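Colleague: Following this line is coords-v5.tsv, made up of TSV, C-alpha atoms:
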```tsv
chain	number	residue	atom	x	y	z
A	1470	MET	CA	-17.82	2.96	14.48
A	1471	LYS	CA	-20.02	1.13	11.97
A	1472	ARG	CA	-22.41	4.07	11.91
A	1473	GLN	CA	-19.52	6.49	11.35
A	1474	ILE	CA	-18.21	4.44	8.41
A	1475	CYS	CA	-21.68	4.50	6.84
A	1476	ASP	CA	-21.99	8.25	7.48
A	1477	ILE	CA	-18.65	9.09	5.86
A	1478	GLY	CA	-19.39	6.73	2.97
A	1479	ARG	CA	-22.63	8.63	2.42
A	1480	ARG	CA	-20.82	11.97	2.51
A	1481	MET	CA	-18.31	10.71	-0.05
A	1482	TRP	CA	-21.14	9.60	-2.34
A	1483	GLN	CA	-22.99	12.91	-1.95
A	1484	ARG	CA	-19.85	14.82	-2.94
A	1485	SER	CA	-19.20	12.56	-5.96
A	1486	TYR	CA	-15.98	11.24	-4.47
A	1487	VAL	CA	-17.16	7.70	-5.26
A	1488	ASP	CA	-19.11	6.29	-8.19
A	1489	GLY	CA	-21.03	3.07	-8.69
A	1490	ASN	CA	-19.84	0.70	-5.98
A	1491	GLY	CA	-16.37	2.29	-5.95
A	1492	GLY	CA	-14.37	3.47	-2.97
A	1493	ASN	CA	-13.74	1.79	0.36
A	1494	LEU	CA	-12.99	2.59	4.00
A	1495	ALA	CA	-11.20	0.74	6.80
A	1496	VAL	CA	-10.70	1.35	10.52
A	1497	ARG	CA	-8.38	-0.41	12.95
A	1498	VAL	CA	-10.50	-1.61	15.88
A	1499	ALA	CA	-7.81	-3.73	17.58
A	1500	PRO	CA	-4.09	-4.29	16.92
A	1501	ASN	CA	-4.86	-7.12	14.47
A	1502	LEU	CA	-8.48	-6.39	13.53
A	1503	VAL	CA	-9.91	-4.05	10.90
A	1504	LEU	CA	-13.49	-3.05	10.18
A	1505	CYS	CA	-14.03	-2.40	6.47
A	1506	THR	CA	-16.66	-1.76	3.83
A	1507	PRO	CA	-18.13	-4.57	1.73
A	1508	THR	CA	-17.59	-5.11	-1.97
A	1509	MET	CA	-20.22	-4.31	-4.61
A	1510	VAL	CA	-22.20	-1.92	-2.37
A	1511	SER	CA	-22.64	1.82	-3.03
A	1512	LYS	CA	-20.95	3.85	-0.30
A	1513	GLY	CA	-23.99	6.09	-0.28
A	1514	PHE	CA	-26.37	3.35	0.84
A	1515	MET	CA	-24.44	1.16	3.27
A	1516	GLU	CA	-25.98	-0.08	6.50
A	1517	PRO	CA	-23.99	-1.00	9.64
A	1518	SER	CA	-24.93	-4.66	9.11
A	1519	ASP	CA	-23.14	-4.59	5.72
A	1520	LEU	CA	-19.68	-4.04	7.21
A	1521	CYS	CA	-17.00	-6.71	7.50
A	1522	LEU	CA	-14.32	-7.59	10.05
A	1523	VAL	CA	-10.93	-8.84	8.82
A	1524	ASP	CA	-7.52	-9.53	10.29
A	1525	LEU	CA	-4.33	-7.90	9.03
A	1526	ASP	CA	-3.84	-10.72	6.54
A	1527	GLY	CA	-7.21	-10.01	4.95
A	1528	ARG	CA	-9.02	-13.05	6.31
A	1529	GLN	CA	-12.68	-12.22	6.87
A	1530	LEU	CA	-13.87	-12.98	10.40
A	1531	ALA	CA	-17.37	-11.46	10.39
A	1532	GLY	CA	-19.91	-9.94	8.03
A	1533	THR	CA	-22.65	-11.31	5.82
A	1534	GLY	CA	-21.22	-9.87	2.59
A	1535	ARG	CA	-17.71	-10.12	1.19
A	1536	ARG	CA	-15.13	-7.60	2.34
A	1537	THR	CA	-13.89	-4.99	-0.14
A	1538	SER	CA	-11.76	-6.40	-2.94
A	1539	GLU	CA	-9.23	-3.62	-2.29
A	1540	ILE	CA	-8.56	-4.55	1.33
A	1541	LEU	CA	-4.88	-5.31	0.58
A	1542	MET	CA	-4.30	-1.64	-0.19
A	1543	HIS	CA	-5.73	-0.60	3.18
A	1544	LEU	CA	-3.96	-3.36	5.07
A	1545	GLY	CA	-0.69	-2.45	3.39
A	1546	ILE	CA	-0.87	0.96	5.02
A	1547	LEU	CA	-2.13	-0.31	8.38
A	1548	LYS	CA	0.60	-2.94	8.61
A	1549	ARG	CA	3.41	-0.63	7.50
A	1550	GLN	CA	2.17	2.18	9.76
A	1551	PRO	CA	1.38	0.81	13.24
A	1552	ARG	CA	0.07	4.24	14.28
A	1553	ALA	CA	-2.37	4.41	11.37
A	1554	GLN	CA	-5.93	4.13	12.60
A	1555	ALA	CA	-8.03	4.59	9.46
A	1556	THR	CA	-7.86	4.69	5.67
A	1557	VAL	CA	-10.22	6.17	3.08
A	1558	HIS	CA	-10.15	5.52	-0.66
A	1559	GLY	CA	-12.24	7.29	-3.28
A	1560	HIS	CA	-12.30	8.49	-6.87
A	1561	PRO	CA	-12.68	12.27	-6.48
A	1562	PRO	CA	-12.83	13.63	-10.04
A	1563	TYR	CA	-10.34	16.51	-9.80
A	1564	GLY	CA	-7.76	14.51	-7.88
A	1565	THR	CA	-8.22	11.49	-10.14
A	1566	ALA	CA	-7.76	13.75	-13.18
A	1567	PHE	CA	-4.40	14.84	-11.78
A	1568	GLY	CA	-3.48	11.18	-11.39
A	1569	ILE	CA	-4.37	10.48	-15.02
A	1570	ALA	CA	-2.12	13.37	-16.03
A	1571	GLY	CA	0.65	12.12	-13.73
A	1572	LEU	CA	0.68	15.36	-11.73
A	1573	LEU	CA	0.25	16.62	-8.19
A	1574	PRO	CA	-1.12	20.10	-7.47
A	1575	PRO	CA	1.73	22.57	-6.88
A	1576	THR	CA	2.75	23.29	-3.33
A	1577	GLY	CA	2.74	26.72	-1.75
A	1578	LEU	CA	-0.76	27.67	-2.86
A	1579	VAL	CA	-3.29	26.58	-0.21
A	1580	SER	CA	-2.42	26.72	3.49
A	1581	GLU	CA	-4.71	23.83	4.52
A	1582	TYR	CA	-3.07	21.60	1.95
A	1583	GLU	CA	0.37	22.52	3.28
A	1584	LEU	CA	-0.74	21.88	6.86
A	1585	PHE	CA	-2.55	18.58	6.60
A	1586	VAL	CA	-1.74	16.78	3.34
A	1587	SER	CA	1.49	15.10	2.30
A	1588	ALA	CA	0.79	13.70	-1.15
A	1589	VAL	CA	2.67	11.51	-3.62
A	1590	ILE	CA	1.84	9.70	-6.89
A	1591	ALA	CA	1.96	5.90	-7.07
A	1592	PRO	CA	2.38	4.21	-10.47
A	1593	TYR	CA	-0.55	2.23	-11.78
A	1594	HIS	CA	-1.23	-1.28	-10.50
A	1595	THR	CA	-4.42	-3.28	-10.93
A	1596	PRO	CA	-6.88	-2.53	-8.09
A	1597	GLY	CA	-7.10	-5.28	-5.50
A	1598	THR	CA	-3.68	-6.77	-6.20
A	1599	SER	CA	-0.85	-7.31	-3.75
A	1600	GLU	CA	1.36	-5.21	-6.04
A	1601	LEU	CA	-0.85	-2.17	-5.42
A	1602	GLY	CA	-0.93	-2.89	-1.70
A	1603	ASP	CA	2.88	-3.11	-1.56
A	1604	GLU	CA	3.31	0.07	-3.61
A	1605	VAL	CA	0.94	2.10	-1.46
A	1606	ALA	CA	2.45	0.73	1.76
A	1607	SER	CA	5.96	1.73	0.64
A	1608	LEU	CA	4.82	5.32	0.10
A	1609	ALA	CA	2.82	5.68	3.31
A	1610	GLN	CA	5.91	6.14	5.47
A	1611	GLY	CA	6.42	9.72	4.27
A	1612	HIS	CA	2.96	10.60	2.97
A	1613	ASN	CA	-0.62	10.46	4.25
A	1614	THR	CA	-2.27	10.86	0.84
A	1615	ILE	CA	-1.39	8.67	-2.14
A	1616	LEU	CA	-2.65	9.53	-5.61
A	1617	MET	CA	-2.80	6.28	-7.57
A	1618	ALA	CA	-2.29	6.76	-11.28
A	1619	ASN	CA	-5.44	6.05	-13.33
A	1620	HIS	CA	-7.30	4.97	-10.20
A	1621	GLY	CA	-8.02	7.39	-7.36
A	1622	VAL	CA	-6.81	8.59	-3.97
A	1623	VAL	CA	-6.21	6.87	-0.64
A	1624	SER	CA	-5.56	8.77	2.60
A	1625	TRP	CA	-4.70	7.55	6.08
A	1626	SER	CA	-4.74	9.06	9.55
A	1627	GLN	CA	-3.08	8.32	12.84
A	1628	ASN	CA	-6.09	9.88	14.61
A	1629	HIS	CA	-9.46	8.60	13.38
A	1630	LEU	CA	-11.61	7.90	10.32
A	1631	GLU	CA	-12.96	11.41	9.90
A	1632	ASP	CA	-9.43	12.80	9.86
A	1633	ALA	CA	-8.51	10.38	7.06
A	1634	TYR	CA	-11.58	11.59	5.17
A	1635	PHE	CA	-10.55	15.21	5.76
A	1636	LYS	CA	-7.24	14.51	4.00
A	1637	LEU	CA	-9.14	13.27	0.94
A	1638	GLU	CA	-11.47	16.28	1.03
A	1639	ILE	CA	-8.62	18.81	1.35
A	1640	PHE	CA	-6.67	17.15	-1.45
A	1641	GLU	CA	-9.66	17.26	-3.79
A	1642	ALA	CA	-10.41	20.90	-2.90
A	1643	CYS	CA	-6.81	21.90	-3.63
A	1644	CYS	CA	-6.88	20.19	-7.05
A	1645	GLN	CA	-10.16	21.88	-7.94
A	1646	THR	CA	-9.05	25.29	-6.64
A	1647	TYR	CA	-5.79	25.15	-8.60
A	1648	LEU	CA	-7.58	24.31	-11.84
A	1649	ILE	CA	-9.97	27.24	-11.32
A	1650	ALA	CA	-7.11	29.61	-10.43
A	1651	ILE	CA	-5.10	28.94	-13.58
A	1652	GLN	CA	-8.15	29.80	-15.69
A	1653	LEU	CA	-8.14	33.35	-14.30
A	1654	ASN	CA	-5.06	34.21	-16.39
A	1655	ARG	CA	-3.28	35.88	-13.50
A	1656	GLU	CA	0.05	35.11	-11.86
A	1657	LEU	CA	-0.62	32.85	-8.90
A	1658	SER	CA	0.21	34.16	-5.44
A	1659	LEU	CA	2.50	31.76	-3.59
A	1660	ILE	CA	2.96	31.40	0.16
A	1661	SER	CA	6.39	32.84	0.96
A	1662	GLY	CA	9.30	30.68	2.07
A	1663	GLY	CA	9.21	31.93	5.64
A	1664	HIS	CA	5.51	31.29	5.94
A	1665	LEU	CA	5.93	27.85	4.39
A	1666	GLN	CA	8.51	27.06	7.05
A	1667	GLN	CA	5.98	28.03	9.72
A	1668	LEU	CA	3.44	25.68	8.14
A	1669	LEU	CA	6.03	22.89	8.10
A	1670	GLU	CA	6.62	23.40	11.81
A	1671	LEU	CA	2.88	23.15	12.43
A	1672	ARG	CA	2.83	19.92	10.38
A	1673	ARG	CA	5.48	18.56	12.70
A	1674	ARG	CA	3.38	19.42	15.74
A	1675	PHE	CA	0.27	17.86	14.17
A	1676	GLY	CA	2.18	14.65	13.43
A	1677	VAL	CA	1.64	14.89	9.66
A	1678	PRO	CA	4.18	12.68	7.84
A	1679	ASP	CA	6.54	14.53	5.55
A	1680	PRO	CA	9.57	13.15	3.67
A	1681	ARG	CA	11.51	16.27	4.72
A	1682	MET	CA	11.35	15.08	8.34
A	1683	ILE	CA	11.05	11.35	7.78
A	1684	SER	CA	13.26	10.41	10.72
A	1685	GLU	CA	10.93	12.23	13.11
A	1686	VAL	CA	7.57	10.64	12.23
```
Have the structure of the file written as structure tokens, please.

Modeller:
Amino acid sequence: MKRQICDIGRRMWQRSYVDGNGGNLAVRVAPNLVLCTPTMVSKGFMEPSDLCLVDLDGRQLAGTGRRTSEILMHLGILKRQPRAQATVHGHPPYGTAFGIAGLLPPTGLVSEYELFVSAVIAPYHTPGTSELGDEVASLAQGHNTILMANHGVVSWSQNHLEDAYFKLEIFEACCQTYLIAIQLNRELSLISGGHLQQLLELRRRFGVPDPRMISEV
């Protein structure tokens, strides 16, 4: 698991989803234990020995460095969502740009986005604060991807860490694709209502949270 966290951190850095020492990852390894990335370390150059173990209250139990300063955001999701197994936070430029503008990419454009991502915008709170953790946790019930205004994106998965990363990757690709599409000066082709309903049914089968079926997730 430590090696996988380092591998995905490296992939995020290579794709410019994180900058400087930004971004963080967390994985539930026991009901009350979470493995997370350290603070002040580039996600592109982490080693397994850098990682930290914390409980659900954020108390560090193991690790030579300090745990990420944004752990409360991750723990907010993991505590509110008992089935959540992993969280990934980054600063992907296209998605973050949408957050600065206070927008989400339109729905009905990209099938993978409709299948796997349920996104929402959270208002700005200072990174690392309990206010941000509470805000993100409150939105995680109906969404697996939260765009934080003027900050970045955090995604969670009920399956595993790579799936949480996939949500981030798909969200960023959709934002980038939409911005390219509108520059072509053509009317955008939307997925029809009937086909969207089929995608929604697949979301239900995949266990993707969606506010339209909140009582069933």

Colleague: Rank A:Ile1546, A:Val1586, A:Leu1502, A:Ala1531 by their smallest atom-to-atom distance to Arg1672 of chain A, using all atoms listed in the file, and report the top residue only.

Modeller: A:Val1586

Colleague: At a cut-off of 9 Å, can you tabulate as a Markdown table every residue of segment 1493-1599 of chain A near segment 1636-1657 of chain A together with its closest atom pair and the distance in Å to one decimal, using all atoms listed in the file and ordering rows by chain then number?

Modeller:
```
| residue | atom | partner | partner_atom | distance |
| --- | --- | --- | --- | --- |
| A:Val1557 | CA | A:Leu1637 | CA | 7.5 |
| A:His1558 | CA | A:Leu1637 | CA | 8.0 |
| A:Gly1559 | CA | A:Leu1637 | CA | 7.9 |
| A:Pro1561 | CA | A:Glu1641 | CA | 6.4 |
| A:Pro1562 | CA | A:Glu1641 | CA | 7.9 |
| A:Tyr1563 | CA | A:Gln1645 | CA | 5.7 |
| A:Gly1564 | CA | A:Glu1641 | CA | 5.3 |
| A:Thr1565 | CA | A:Glu1641 | CA | 8.7 |
| A:Ala1566 | CA | A:Cys1644 | CA | 8.9 |
| A:Phe1567 | CA | A:Cys1644 | CA | 7.6 |
| A:Leu1573 | CA | A:Cys1644 | CA | 8.1 |
| A:Pro1574 | CA | A:Cys1644 | CA | 5.8 |
| A:Pro1575 | CA | A:Tyr1647 | CA | 8.1 |
| A:Leu1578 | CA | A:Leu1657 | CA | 8.0 |
| A:Val1579 | CA | A:Cys1643 | CA | 6.8 |
| A:Glu1581 | CA | A:Ile1639 | CA | 7.1 |
| A:Tyr1582 | CA | A:Ile1639 | CA | 6.2 |
| A:Phe1585 | CA | A:Lys1636 | CA | 6.7 |
| A:Val1586 | CA | A:Lys1636 | CA | 6.0 |
| A:Ser1587 | CA | A:Lys1636 | CA | 8.9 |
| A:Ala1588 | CA | A:Phe1640 | CA | 8.2 |
```

Colleague: Can you list, as number ranges by chain, every protein, DNA or RNA residue that comes within 12 Å of His1664 of chain A when you count all atoms listed in the file, leaving out same-chain residues fewer than 2 positions away?

Modeller: A: 1577-1580, 1583-1584, 1659-1662, 1666-1671

Colleague: Enter the distance from atom CA of Leu1616 of chain A to atom CA of Pro1592 of chain A, in Å, rounded to one decimal.

Modeller: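 Straight-line distance from atom CA of Leu1616 of chain A to atom CA of Pro1592 of chain A works out to 8.8 Å.
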
Colleague: Which residues, protein or nucleic acid, reach to within 7 Å of (-2.8, -6.5, 2.1) in the file's coordinates when using only C-alpha atoms, and can you give that as a PyMOL selection string?

Modeller: chain A and resi 1526-1527+1540-1545+1599+1602

Colleague: Which of these, A:Pro1551, A:Tyr1486, A:Ile1615, A:Gln1610, has the shortest distance to Ile1590 of chain A once you count only C-alpha atoms?

Modeller: A:Ile1615

Colleague: Enclose segment 1617-1625 of chain A, meaning all of its atoms listed in the file, in a box aligned along x, y and z, pad it by 4 Å on each side, and list the centre and edge lengths in Å to one decimal, as JSON.

Modeller:
```
{"center_x": -5.2, "center_y": 6.9, "center_z": -3.6, "size_x": 13.7, "size_y": 11.8, "size_z": 27.4}
```

Colleague: Have a look at atom CA of Gly1534 of chain A and atom CA of Lys1548 of chain A and let me know their distance in Å, one decimal.

Modeller: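 Atom-to-atom, atom CA of Gly1534 of chain A and atom CA of Lys1548 of chain A are spaced 23.7 Å apart.
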
Colleague: Between atom CA of Ser1607 of chain A and atom CA of His1594 of chain A, what distance in Å does the model show, to one decimal?

Modeller: 13.6 Å

Colleague: List the neighbours of segment 1504-1519 of chain A out to 8 Å using all atoms listed in the file; skip same-chain residues closer than 3 positions along the sequence, and give me the result as a PyMOL selection string.

Modeller: chain A and resi 1471-1472+1474-1475+1478-1483+1487-1498+1522-1523+1532-1538+1540

Colleague: Here is a test: counting all atoms listed in the file, which residue of A:Arg1552, A:Thr1598, A:Arg1528, A:Thr1576 is nearest to Ser1658 of chain A?

Modeller: A:Thr1576

Colleague: Have a look at A:Val1623, A:Ile1569, A:Ile1477, A:Leu1547 and name the one nearest to Asn1501 of chain A; count only C-alpha atoms.

Modeller: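 Smallest distance to Asn1501 of chain A is found for A:Leu1547.
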
Colleague: Mind checking which residues fall within 7 Å of Ala1553 of chain A, counting all atoms listed in the file, ignoring those fewer than 6 positions away in the same chain, and posting them as a JSON list (two decimals) with C-alpha atoms, in the frame of the given file?

Modeller:
```json
[["chain", "number", "residue", "atom", "x", "y", "z"],
["A", 1547, "LEU", "CA", -2.13, -0.31, 8.38],
["A", 1625, "TRP", "CA", -4.70, 7.55, 6.08],
["A", 1626, "SER", "CA", -4.74, 9.06, 9.55],
["A", 1627, "GLN", "CA", -3.08, 8.32, 12.84]]
```

Colleague: Between A:Ala1633, A:Val1677, A:Ala1499, A:Ala1591, single out the one closest to Met1617 of chain A, counting only C-alpha atoms.

Modeller: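 Counting only C-alpha atoms, the residue closest to Met1617 of chain A is A:Ala1591.
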
Colleague: Between A:Leu1520, A:Ala1609, A:Leu1525, A:Leu1572, which one has atoms that come closest to Gln1550 of chain A, using all atoms listed in the file?

Modeller: A:Ala1609
